[in-house]
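One file, coords.cif, is given below (mmCIF, C-alpha atoms and all ligand atoms).
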```
data_protein
loop_
_atom_site.label_atom_id
_atom_site.label_comp_id
_atom_site.auth_asym_id
_atom_site.auth_seq_id
_atom_site.Cartn_x
_atom_site.Cartn_y
_atom_site.Cartn_z
CA MET X 1323 -9.63 72.90 -12.75
CA ALA X 1324 -8.39 69.94 -10.70
CA ILE X 1325 -7.53 66.86 -12.72
CA THR X 1326 -9.63 63.89 -11.80
CA THR X 1327 -9.27 61.33 -14.54
CA TYR X 1328 -6.44 59.01 -15.42
CA PRO X 1329 -7.59 58.64 -19.09
CA TRP X 1330 -7.24 62.41 -19.60
CA LEU X 1331 -3.67 62.30 -18.28
CA LEU X 1332 -2.94 59.25 -20.41
CA ALA X 1333 -4.05 61.03 -23.59
CA LEU X 1334 -2.29 64.31 -22.72
CA PRO X 1335 0.80 64.69 -24.98
CA LYS X 1336 3.83 64.42 -22.70
CA VAL X 1337 7.60 64.88 -22.68
CA GLU X 1338 9.98 62.98 -20.40
CA LEU X 1339 13.45 64.29 -19.51
CA HIS X 1340 14.51 62.03 -16.63
CA ILE X 1341 14.22 58.28 -17.23
CA HIS X 1342 16.96 55.65 -16.80
CA LEU X 1343 16.90 52.85 -19.37
CA GLU X 1344 18.11 50.38 -16.75
CA GLY X 1345 15.26 51.57 -14.54
CA MET X 1346 12.62 50.47 -17.03
CA LEU X 1347 13.58 46.81 -16.69
CA GLU X 1348 10.23 45.33 -15.65
CA PRO X 1349 10.30 42.18 -13.47
CA GLU X 1350 8.91 39.99 -16.30
CA LEU X 1351 11.63 41.12 -18.71
CA MET X 1352 14.33 40.85 -16.02
CA LEU X 1353 13.43 37.24 -15.21
CA SER X 1354 13.08 36.22 -18.84
CA LEU X 1355 16.46 37.77 -19.76
CA ALA X 1356 18.03 36.07 -16.71
CA ARG X 1357 16.73 32.70 -17.94
CA LYS X 1358 17.79 33.32 -21.54
CA ASN X 1359 21.29 34.50 -20.60
CA GLY X 1360 21.86 32.01 -17.75
CA ILE X 1361 22.27 34.73 -15.10
CA GLN X 1362 21.64 33.78 -11.48
CA LEU X 1363 19.67 36.39 -9.55
CA PRO X 1364 18.76 36.28 -5.85
CA PHE X 1365 15.09 36.49 -6.97
CA ASN X 1366 13.20 33.80 -8.88
CA THR X 1367 9.69 35.16 -9.03
CA ILE X 1368 7.95 38.42 -9.74
CA GLY X 1369 6.54 38.31 -6.20
CA GLN X 1370 10.05 38.10 -4.73
CA LEU X 1371 11.15 41.04 -6.83
CA TYR X 1372 8.25 43.25 -5.72
CA GLU X 1373 8.96 42.18 -2.14
CA ALA X 1374 12.55 43.41 -2.57
CA TYR X 1375 11.39 46.77 -3.94
CA ARG X 1376 11.01 48.36 -0.51
CA PHE X 1377 13.58 51.08 -0.11
CA ASN X 1378 14.51 53.30 2.82
CA GLN X 1379 17.04 55.33 0.90
CA LEU X 1380 18.65 55.75 -2.53
CA GLN X 1381 21.43 53.20 -1.89
CA ASP X 1382 18.91 50.40 -1.09
CA PHE X 1383 17.45 50.91 -4.54
CA LEU X 1384 20.79 51.25 -6.35
CA ASP X 1385 22.02 47.91 -4.95
CA ILE X 1386 19.06 46.09 -6.50
CA TYR X 1387 19.06 48.18 -9.68
CA TYR X 1388 22.69 47.30 -10.48
CA GLN X 1389 21.99 43.63 -9.71
CA GLY X 1390 19.00 43.63 -12.07
CA ALA X 1391 20.98 45.27 -14.88
CA GLN X 1392 23.29 42.23 -15.00
CA VAL X 1393 20.74 40.31 -17.07
CA LEU X 1394 21.42 42.65 -20.01
CA ILE X 1395 24.06 40.97 -22.20
CA THR X 1396 23.50 41.27 -25.94
CA GLN X 1397 22.88 44.20 -28.25
CA GLN X 1398 19.39 42.77 -28.81
CA ASP X 1399 18.75 42.86 -25.03
CA PHE X 1400 19.48 46.61 -25.02
CA TYR X 1401 17.26 47.05 -28.07
CA ASP X 1402 14.41 45.12 -26.42
CA LEU X 1403 14.70 47.04 -23.15
CA THR X 1404 14.57 50.38 -24.97
CA TRP X 1405 11.76 49.21 -27.22
CA HIS X 1406 9.73 48.22 -24.18
CA TYR X 1407 9.90 51.83 -22.95
CA LEU X 1408 9.11 53.23 -26.39
CA LYS X 1409 6.00 51.06 -26.57
CA LYS X 1410 5.02 52.58 -23.22
CA CYS X 1411 5.60 56.01 -24.73
CA GLN X 1412 3.16 55.13 -27.48
CA GLN X 1413 0.54 53.92 -24.98
CA GLN X 1414 1.00 56.98 -22.77
CA ASN X 1415 1.35 59.55 -25.56
CA ILE X 1416 4.90 60.48 -24.57
CA VAL X 1417 5.94 62.24 -27.77
CA HIS X 1418 9.55 63.04 -26.87
CA ALA X 1419 11.97 61.42 -24.38
CA GLU X 1420 15.57 61.99 -23.32
CA PRO X 1421 16.65 58.73 -21.67
CA PHE X 1422 19.80 58.12 -19.64
CA PHE X 1423 21.94 55.01 -19.77
CA ASP X 1424 24.78 53.91 -17.46
CA PRO X 1425 27.47 52.32 -19.69
CA GLN X 1426 29.81 51.58 -16.77
CA THR X 1427 27.26 49.15 -15.30
CA HIS X 1428 27.72 47.07 -18.44
CA THR X 1429 31.31 47.64 -19.57
CA ALA X 1430 32.51 46.63 -16.07
CA ARG X 1431 30.99 43.18 -16.81
CA GLY X 1432 32.79 42.93 -20.15
CA ILE X 1433 29.87 44.02 -22.34
CA PRO X 1434 31.26 46.04 -25.28
CA PHE X 1435 30.32 49.75 -25.13
CA GLY X 1436 29.27 49.56 -28.79
CA ASP X 1437 26.74 46.78 -28.14
CA VAL X 1438 25.07 48.86 -25.44
CA ILE X 1439 24.82 52.13 -27.35
CA GLU X 1440 24.03 50.57 -30.73
CA GLY X 1441 21.19 48.46 -29.28
CA ILE X 1442 19.68 51.49 -27.56
CA SER X 1443 20.15 53.83 -30.52
CA ALA X 1444 18.63 51.39 -33.02
CA ALA X 1445 15.43 51.24 -30.94
CA LEU X 1446 15.32 55.05 -30.63
CA THR X 1447 15.72 55.39 -34.41
CA ASP X 1448 12.97 52.82 -35.09
CA ALA X 1449 10.59 54.65 -32.74
CA ARG X 1450 11.27 57.92 -34.51
CA GLU X 1451 10.71 56.38 -37.95
CA LYS X 1452 7.71 54.19 -37.10
CA HIS X 1453 5.91 56.23 -34.45
CA GLY X 1454 7.28 59.79 -34.63
CA ILE X 1455 8.60 59.61 -31.06
CA THR X 1456 11.66 61.87 -30.93
CA SER X 1457 14.49 61.43 -28.45
CA HIS X 1458 17.95 62.47 -27.31
CA LEU X 1459 20.23 60.01 -25.53
CA ILE X 1460 22.20 61.00 -22.41
CA MET X 1461 25.20 59.00 -21.17
CA CYS X 1462 25.58 59.07 -17.39
CA PHE X 1463 28.78 58.62 -15.42
CA LEU X 1464 28.43 56.67 -12.17
CA ARG X 1465 29.52 59.08 -9.45
CA HIS X 1466 30.52 56.33 -6.99
CA LEU X 1467 33.28 55.35 -9.44
CA SER X 1468 36.47 57.31 -10.05
CA GLU X 1469 37.13 60.28 -12.27
CA ILE X 1470 39.55 58.10 -14.30
CA ASP X 1471 36.79 55.57 -14.90
CA ALA X 1472 34.58 58.40 -16.19
CA PHE X 1473 37.38 59.62 -18.51
CA ASN X 1474 37.78 56.07 -19.87
CA THR X 1475 34.05 55.88 -20.51
CA LEU X 1476 34.08 59.19 -22.37
CA GLU X 1477 36.96 57.84 -24.46
CA GLN X 1478 34.89 54.76 -25.37
CA ALA X 1479 32.00 57.03 -26.36
CA LYS X 1480 34.07 58.99 -28.91
CA PRO X 1481 33.23 56.77 -31.93
CA PHE X 1482 29.52 57.10 -31.07
CA LEU X 1483 29.16 60.84 -30.51
CA ASP X 1484 26.48 60.98 -33.22
CA CYS X 1485 24.23 58.90 -30.94
CA LEU X 1486 24.70 61.17 -27.91
CA THR X 1487 23.41 64.62 -27.01
CA ALA X 1488 24.61 65.03 -23.44
CA VAL X 1489 26.43 63.51 -20.50
CA GLY X 1490 24.89 63.19 -17.04
CA LEU X 1491 25.86 62.13 -13.53
CA ASP X 1492 23.97 59.60 -11.43
CA SER X 1493 24.27 56.94 -8.69
CA SER X 1494 25.09 57.57 -4.98
CA GLU X 1495 24.94 61.31 -4.28
CA LYS X 1496 26.18 61.22 -0.70
CA GLY X 1497 29.98 61.43 -0.57
CA HIS X 1498 30.29 62.04 -4.33
CA PRO X 1499 29.67 65.74 -5.00
CA PRO X 1500 29.46 67.07 -8.56
CA GLU X 1501 32.86 68.81 -8.50
CA LYS X 1502 34.57 65.39 -8.52
CA PHE X 1503 33.65 65.28 -12.24
CA SER X 1504 34.29 68.86 -13.35
CA ARG X 1505 37.28 67.94 -15.54
CA VAL X 1506 35.54 65.10 -17.35
CA PHE X 1507 32.45 67.27 -17.90
CA ASN X 1508 34.70 69.97 -19.37
CA GLN X 1509 36.14 67.46 -21.79
CA ALA X 1510 32.63 66.29 -22.74
CA LYS X 1511 31.73 69.90 -23.54
CA THR X 1512 34.78 70.24 -25.79
CA LEU X 1513 33.38 67.24 -27.71
CA GLY X 1514 30.14 69.15 -28.29
CA LEU X 1515 28.06 67.40 -25.63
CA LEU X 1516 25.61 69.17 -23.33
CA THR X 1517 25.60 68.40 -19.61
CA VAL X 1518 23.06 67.55 -16.91
CA ALA X 1519 23.54 66.09 -13.42
CA HIS X 1520 21.59 64.48 -10.59
CA ALA X 1521 21.91 66.82 -7.61
CA GLY X 1522 19.81 67.70 -4.59
CA GLU X 1523 18.00 64.35 -4.59
CA GLU X 1524 19.33 63.00 -1.29
CA GLY X 1525 22.20 65.45 -1.01
CA PRO X 1526 22.08 69.09 0.09
CA ALA X 1527 21.26 72.18 -1.96
CA LEU X 1528 25.03 72.80 -1.96
CA ASN X 1529 25.32 69.98 -4.53
CA ILE X 1530 22.94 71.85 -6.83
CA TRP X 1531 25.13 74.95 -6.61
CA SER X 1532 28.14 72.78 -7.38
CA ALA X 1533 26.48 71.17 -10.41
CA ILE X 1534 25.67 74.66 -11.69
CA ASN X 1535 29.06 76.22 -10.96
CA THR X 1536 31.47 73.34 -11.63
CA LEU X 1537 29.65 71.29 -14.30
CA GLY X 1538 27.83 74.05 -16.22
CA VAL X 1539 24.67 71.97 -16.49
CA SER X 1540 21.68 72.73 -18.72
CA ARG X 1541 19.31 71.03 -16.25
CA ILE X 1542 19.38 69.64 -12.73
CA ASP X 1543 17.99 66.12 -12.29
CA HIS X 1544 15.81 66.01 -9.13
CA GLY X 1545 16.94 69.19 -7.34
CA VAL X 1546 14.17 68.99 -4.73
CA THR X 1547 16.44 70.00 -1.85
CA ALA X 1548 16.60 73.45 -3.49
CA ILE X 1549 13.50 74.11 -1.40
CA ASP X 1550 15.85 74.49 1.63
CA ASP X 1551 17.84 77.38 0.11
CA THR X 1552 16.04 80.65 -0.66
CA LYS X 1553 19.02 82.12 -2.55
CA LEU X 1554 19.06 79.08 -4.78
CA ILE X 1555 15.31 79.34 -5.38
CA ASP X 1556 15.83 82.99 -6.42
CA TYR X 1557 18.61 81.88 -8.75
CA LEU X 1558 16.50 79.08 -10.28
CA VAL X 1559 13.56 81.44 -10.79
CA GLY X 1560 15.82 84.13 -12.30
CA THR X 1561 17.62 81.80 -14.70
CA GLN X 1562 14.77 79.32 -15.33
CA LEU X 1563 17.34 76.52 -15.07
CA PRO X 1564 15.04 73.47 -15.19
CA LEU X 1565 14.63 70.77 -12.54
CA THR X 1566 13.59 67.29 -13.70
CA VAL X 1567 11.59 66.18 -10.68
CA CYS X 1568 10.47 62.57 -10.14
CA PRO X 1569 7.57 62.43 -7.64
CA LEU X 1570 6.97 58.66 -7.32
CA SER X 1571 10.71 58.02 -7.08
CA ASN X 1572 11.10 60.60 -4.31
CA VAL X 1573 8.38 58.97 -2.22
CA LYS X 1574 9.63 55.40 -2.88
CA LEU X 1575 13.15 56.46 -1.81
CA ALA X 1576 11.80 58.25 1.28
CA ILE X 1577 12.96 61.71 0.23
CA PHE X 1578 9.38 62.72 1.15
CA PRO X 1579 7.32 60.65 3.62
CA GLU X 1580 4.24 60.78 1.38
CA MET X 1581 3.14 62.40 -1.87
CA SER X 1582 1.04 65.02 -0.10
CA LYS X 1583 4.32 66.38 1.39
CA HIS X 1584 6.12 66.64 -1.97
CA CYS X 1585 7.43 70.13 -2.77
CA ILE X 1586 7.02 70.08 -6.57
CA LEU X 1587 3.95 72.31 -6.69
CA ASN X 1588 5.48 74.73 -4.14
CA LEU X 1589 8.48 75.04 -6.44
CA LEU X 1590 6.16 75.54 -9.41
CA GLU X 1591 4.16 78.25 -7.63
CA LYS X 1592 7.40 80.04 -6.67
CA GLY X 1593 8.22 80.20 -10.40
CA VAL X 1594 10.88 77.47 -10.64
CA CYS X 1595 10.96 75.65 -14.01
CA VAL X 1596 9.96 72.20 -12.76
CA THR X 1597 9.03 69.19 -14.90
CA VAL X 1598 7.48 65.80 -14.05
CA ASN X 1599 9.38 62.57 -14.78
CA SER X 1600 9.43 58.88 -13.85
CA ASP X 1601 13.15 58.13 -13.09
CA ASP X 1602 13.01 54.30 -12.80
CA PRO X 1603 9.40 53.37 -13.53
CA ALA X 1604 9.83 49.59 -13.24
CA TYR X 1605 10.97 50.05 -9.64
CA PHE X 1606 8.90 52.99 -8.43
CA GLY X 1607 5.36 52.04 -9.34
CA GLY X 1608 4.66 53.99 -12.47
CA TYR X 1609 5.51 55.68 -15.73
CA LEU X 1610 4.95 59.32 -16.56
CA THR X 1611 1.15 59.21 -16.54
CA GLU X 1612 1.15 57.58 -13.10
CA ASN X 1613 3.45 60.33 -11.80
CA PHE X 1614 1.00 63.02 -12.96
CA TYR X 1615 -1.89 60.96 -11.59
CA ALA X 1616 -0.21 60.68 -8.16
CA LEU X 1617 0.10 64.49 -8.09
CA SER X 1618 -3.56 64.84 -9.00
CA GLN X 1619 -4.61 62.45 -6.25
CA SER X 1620 -2.41 63.77 -3.44
CA LEU X 1621 -1.82 67.42 -4.33
CA ASN X 1622 -4.91 68.30 -6.39
CA LEU X 1623 -2.84 69.03 -9.48
CA THR X 1624 -4.79 71.33 -11.80
CA GLN X 1625 -4.94 71.36 -15.56
CA THR X 1626 -3.13 74.71 -15.56
CA GLN X 1627 -0.30 73.32 -13.42
CA ALA X 1628 0.03 70.18 -15.59
CA HIS X 1629 0.06 72.35 -18.71
CA LYS X 1630 2.76 74.64 -17.27
CA MET X 1631 5.00 71.70 -16.30
CA LEU X 1632 4.64 70.22 -19.79
CA VAL X 1633 5.46 73.54 -21.44
CA ASN X 1634 8.49 73.66 -19.11
CA ALA X 1635 9.51 70.16 -20.24
CA ILE X 1636 9.20 71.06 -23.92
CA GLN X 1637 11.24 74.23 -23.43
CA ALA X 1638 13.82 72.45 -21.24
CA SER X 1639 14.24 69.62 -23.75
CA PHE X 1640 17.16 69.32 -26.17
CA ALA X 1641 14.76 69.23 -29.14
CA ASN X 1642 15.38 71.79 -31.88
CA ASP X 1643 13.14 74.86 -32.22
CA ASN X 1644 10.92 73.32 -34.92
CA ARG X 1645 10.26 70.25 -32.86
CA LYS X 1646 9.59 72.36 -29.76
CA GLN X 1647 7.05 74.44 -31.70
CA ALA X 1648 5.35 71.29 -33.00
CA MET X 1649 5.09 69.85 -29.48
CA LEU X 1650 3.75 73.13 -28.07
CA SER X 1651 1.07 73.21 -30.79
CA GLN X 1652 0.13 69.59 -30.14
CA LEU X 1653 -0.30 70.37 -26.45
CA THR X 1654 -2.39 73.49 -27.13
CA ASN X 1655 -4.60 71.61 -29.61
CA PHE X 1656 -5.19 68.88 -27.06
CA LEU X 1657 -6.19 71.33 -24.35
CA ASN X 1658 -8.49 73.24 -26.72
CA SER X 1659 -10.19 70.18 -28.08
CA ASN X 1660 -13.63 69.31 -26.72
CA LYS X 1661 -12.92 65.68 -27.40
CA HIS X 1662 -10.46 65.74 -24.54
CA SER X 1663 -12.60 67.59 -22.05
CA MET X 1664 -12.43 66.06 -18.58
CA ILE X 1665 -16.16 66.25 -17.94
N1 LIG J 1 20.23 55.87 -11.11
C1 LIG J 1 19.00 55.44 -11.39
N2 LIG J 1 18.09 56.08 -10.64
C2 LIG J 1 18.77 56.96 -9.88
C3 LIG J 1 18.40 57.92 -8.92
N3 LIG J 1 17.13 58.13 -8.57
N4 LIG J 1 19.37 58.64 -8.32
C4 LIG J 1 20.64 58.45 -8.65
N5 LIG J 1 21.04 57.56 -9.55
C5 LIG J 1 20.12 56.82 -10.17
ZN ZN J 2 17.47 59.60 -11.93
#
```

Do you think you could lay out the structure here as structure tokens?
Amino acid sequence: MAITTYPWLLALPKVELHIHLEGMLEPELMLSLARKNGIQLPFNTIGQLYEAYRFNQLQDFLDIYYQGAQVLITQQDFYDLTWHYLKKCQQQNIVHAEPFFDPQTHTARGIPFGDVIEGISAALTDAREKHGITSHLIMCFLRHLSEIDAFNTLEQAKPFLDCLTAVGLDSSEKGHPPEKFSRVFNQAKTLGLLTVAHAGEEGPALNIWSAINTLGVSRIDHGVTAIDDTKLIDYLVGTQLPLTVCPLSNVKLAIFPEMSKHCILNLLEKGVCVTVNSDDPAYFGGYLTENFYALSQSLNLTQTQAHKMLVNAIQASFANDNRKQAMLSQLTNFLNSNKHSMI
């Protein structure tokens, strides 16, 4: 059955595996933090910010995203930013999330690593205790910076390993292939961390192979250019290595000219383990529900397809087996309940 209603998608229990904390900085919060912290931005109004959010490629977005992140100064700022997302999770029935953060964006400005991670982690703990929203935090290395910089960041993370589940790799894909970070990822694994990496967003399918073969990742973030490589598709189907796909992001960053051309449902129908995610919702026009809704509007997403991608997300998550079982039951109960019928 095709999905037609936004309220049904809103109430559907959801899991998010690809969301950048710095990408959930809404214009209102950005401008208020800028005022509070005395940070000068090239934008003074919400209108100017939305005007600037027109991107032709990934780098256009990253330039503005790093500028925006400069308003984050205190531990409380990182708490508030994270809490804002967790409130969204409550509104959208996102029951489990595995957010990324980019410590180098902050430590390069002299913000102590501990302030960043402790602010974020305190909000995640509060959401678990108060609202039952579970989470795992992923620390990303910025791939446009050097390997040494990544090693230094991993060193700074050592006192906080209890707060971290995995390391990831993000920022400019072109010119910075995954293998540049194979040694630092190896060290992260020796510390007990899992690994994920952005690959095949703007870069070729070759980068996905490299993330698999040189970084030993548990998931690929984006991975949409896999559609160009039939051997890779066979591999992804055979191994069920998950892709965390971000539909609204991909259209905003011109990876696909419009949502109706997005390959996510082709990948799903081929048997690839794809999941739906929001990436940087404050910049790309929507959170997780809006991403599902866009697929329903442009690609006639069915209930069965939405269900499959959510089961994929639960299974691809870093939650333990008990939590996975609980989330699977919650999803099944929702789909079986008449109260949530779409008619
Ligand atoms: N950092 C935040 N969003 C990103 C994206 N879509 N690709 C790479 N790095 C990012
Ligand atoms: Zn991303």

Exercise for the section: Give the residues close to ligand LIG 1 (chain J), within 9 Å, counting all atoms listed in the file; write them as a ChimeraX atom specification. Expected result: /X:1341-1345,1380-1381,1383-1384,1387-1388,1422-1424,1462,1464-1465,1491-1495,1520-1521,1523-1524,1543-1544,1568,1571-1572,1575,1601-1602

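Atom to atom, atom CA of His1629 of chain X and atom CA of Leu1516 of chain X stand 26.2 Å apart.
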
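Distance-wise, atom CA of Phe1435 of chain X and atom CA of Phe1503 of chain X end up 20.5 Å apart.
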
Practice task
With a distance cut-off of 12 Å and all atoms listed in the file, select the neighbouring residues of Pro1481 of chain X, excluding the residue or stretch itself and same-chain residues fewer than 2 positions from it, and output the selection as a ChimeraX atom specification.
Solution key: /X:1435-1436,1439-1440,1475-1479,1483-1486,1513

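When all atoms listed in the file are used to measure the gap to Phe1507 of chain X, the shortest distance among X:Leu1537, X:Leu1528, X:Leu1657, X:Val1594 belongs to X:Leu1537.
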
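Take the candidates X:Leu1446, X:Leu1565, X:Val1539, X:Val1417 and check each one against ligand ZN 2 (chain J) using all atoms listed in the file; the shortest distance goes to X:Leu1565.
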
Problem - Within 12 Å of segment 1353-1366 of chain X using only C-alpha atoms, minus same-chain residues under 4 positions, as a ChimeraX atom specification - result: /X:1347-1349,1370-1375,1386-1396,1398-1400,1402-1403

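Distance check against Lys1502 of chain X using all atoms listed in the file: of X:Thr1487, X:Thr1547, X:Ser1468, X:Asn1535, the minimum falls on X:Ser1468.
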
Handout entry: Contact residues around Pro1579 of chain X with all atoms listed in the file at 12 Å, ignoring same-chain residues under 6 positions, as a ChimeraX atom specification
Key = /X:1378-1379,1569-1573,1585

Handout entry: Of the listed residues X:Leu1467, X:Ala1472, X:Ala1648, X:Ile1542, that which approaches His1498 of chain X most closely, counting all atoms listed in the file
Key = X:Leu1467

Problem - Point-to-point distance from atom CA of Phe1377 of chain X to atom CA of Gly1497 of chain X, Å rounded to tenths - result: 19.4 Å

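Closest approach to Gln1509 of chain X among X:Lys1452, X:Lys1496, X:Lys1480, X:His1418: X:Lys1480, based on all atoms listed in the file.
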
Fill in the blank from the handout: From the list X:Leu1653, X:Leu1339, X:Ile1534, X:Val1489, the nearest residue to ligand ZN 2 (chain J) using all atoms listed in the file is X:Leu1339

Would you list the residues near (-6.2, 65.9, -8.5), meaning any protein, DNA or RNA residue with an atom at most 6 Å from that point in file coordinates, counting only C-alpha atoms, as a PDB file with C-alpha atoms, keeping the file's coordinate frame?
```pdb
ATOM      1  CA  ALA X1324      -8.390  69.940 -10.700  1.00  0.00           C
ATOM      2  CA  ILE X1325      -7.530  66.860 -12.720  1.00  0.00           C
ATOM      3  CA  THR X1326      -9.630  63.890 -11.800  1.00  0.00           C
ATOM      4  CA  SER X1618      -3.560  64.840  -9.000  1.00  0.00           C
ATOM      5  CA  GLN X1619      -4.610  62.450  -6.250  1.00  0.00           C
ATOM      6  CA  ASN X1622      -4.910  68.300  -6.390  1.00  0.00           C
ATOM      7  CA  LEU X1623      -2.840  69.030  -9.480  1.00  0.00           C
TER       8      LEU X1623
END
```

Polymer residues at most 8 Å from Val1438 of chain X, only C-alpha atoms, same-chain spacing of 3 or more positions, as a short mmCIF file (atom, residue, chain, number, x, y, z; two decimals) with C-alpha atoms, in the coordinates of the input:
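Dumped everything to part.cif:
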```cif
data_model
loop_
_atom_site.label_atom_id
_atom_site.label_comp_id
_atom_site.auth_asym_id
_atom_site.auth_seq_id
_atom_site.Cartn_x
_atom_site.Cartn_y
_atom_site.Cartn_z
CA THR X 1396 23.50 41.27 -25.94
CA GLN X 1397 22.88 44.20 -28.25
CA PHE X 1400 19.48 46.61 -25.02
CA PRO X 1425 27.47 52.32 -19.69
CA HIS X 1428 27.72 47.07 -18.44
CA ILE X 1433 29.87 44.02 -22.34
CA PRO X 1434 31.26 46.04 -25.28
CA PHE X 1435 30.32 49.75 -25.13
CA GLY X 1441 21.19 48.46 -29.28
CA ILE X 1442 19.68 51.49 -27.56
#
```

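The point (12.9, 67.9, -20.4) has these residues within 8 Å of it, counting only C-alpha atoms: Val1337, Glu1338, Leu1339, His1340, Ala1419, Glu1420, Pro1564, Thr1566, Thr1597, Asn1634, Ala1635, Ile1636, Gln1637, Ala1638, Ser1639 and Phe1640 of chain X.
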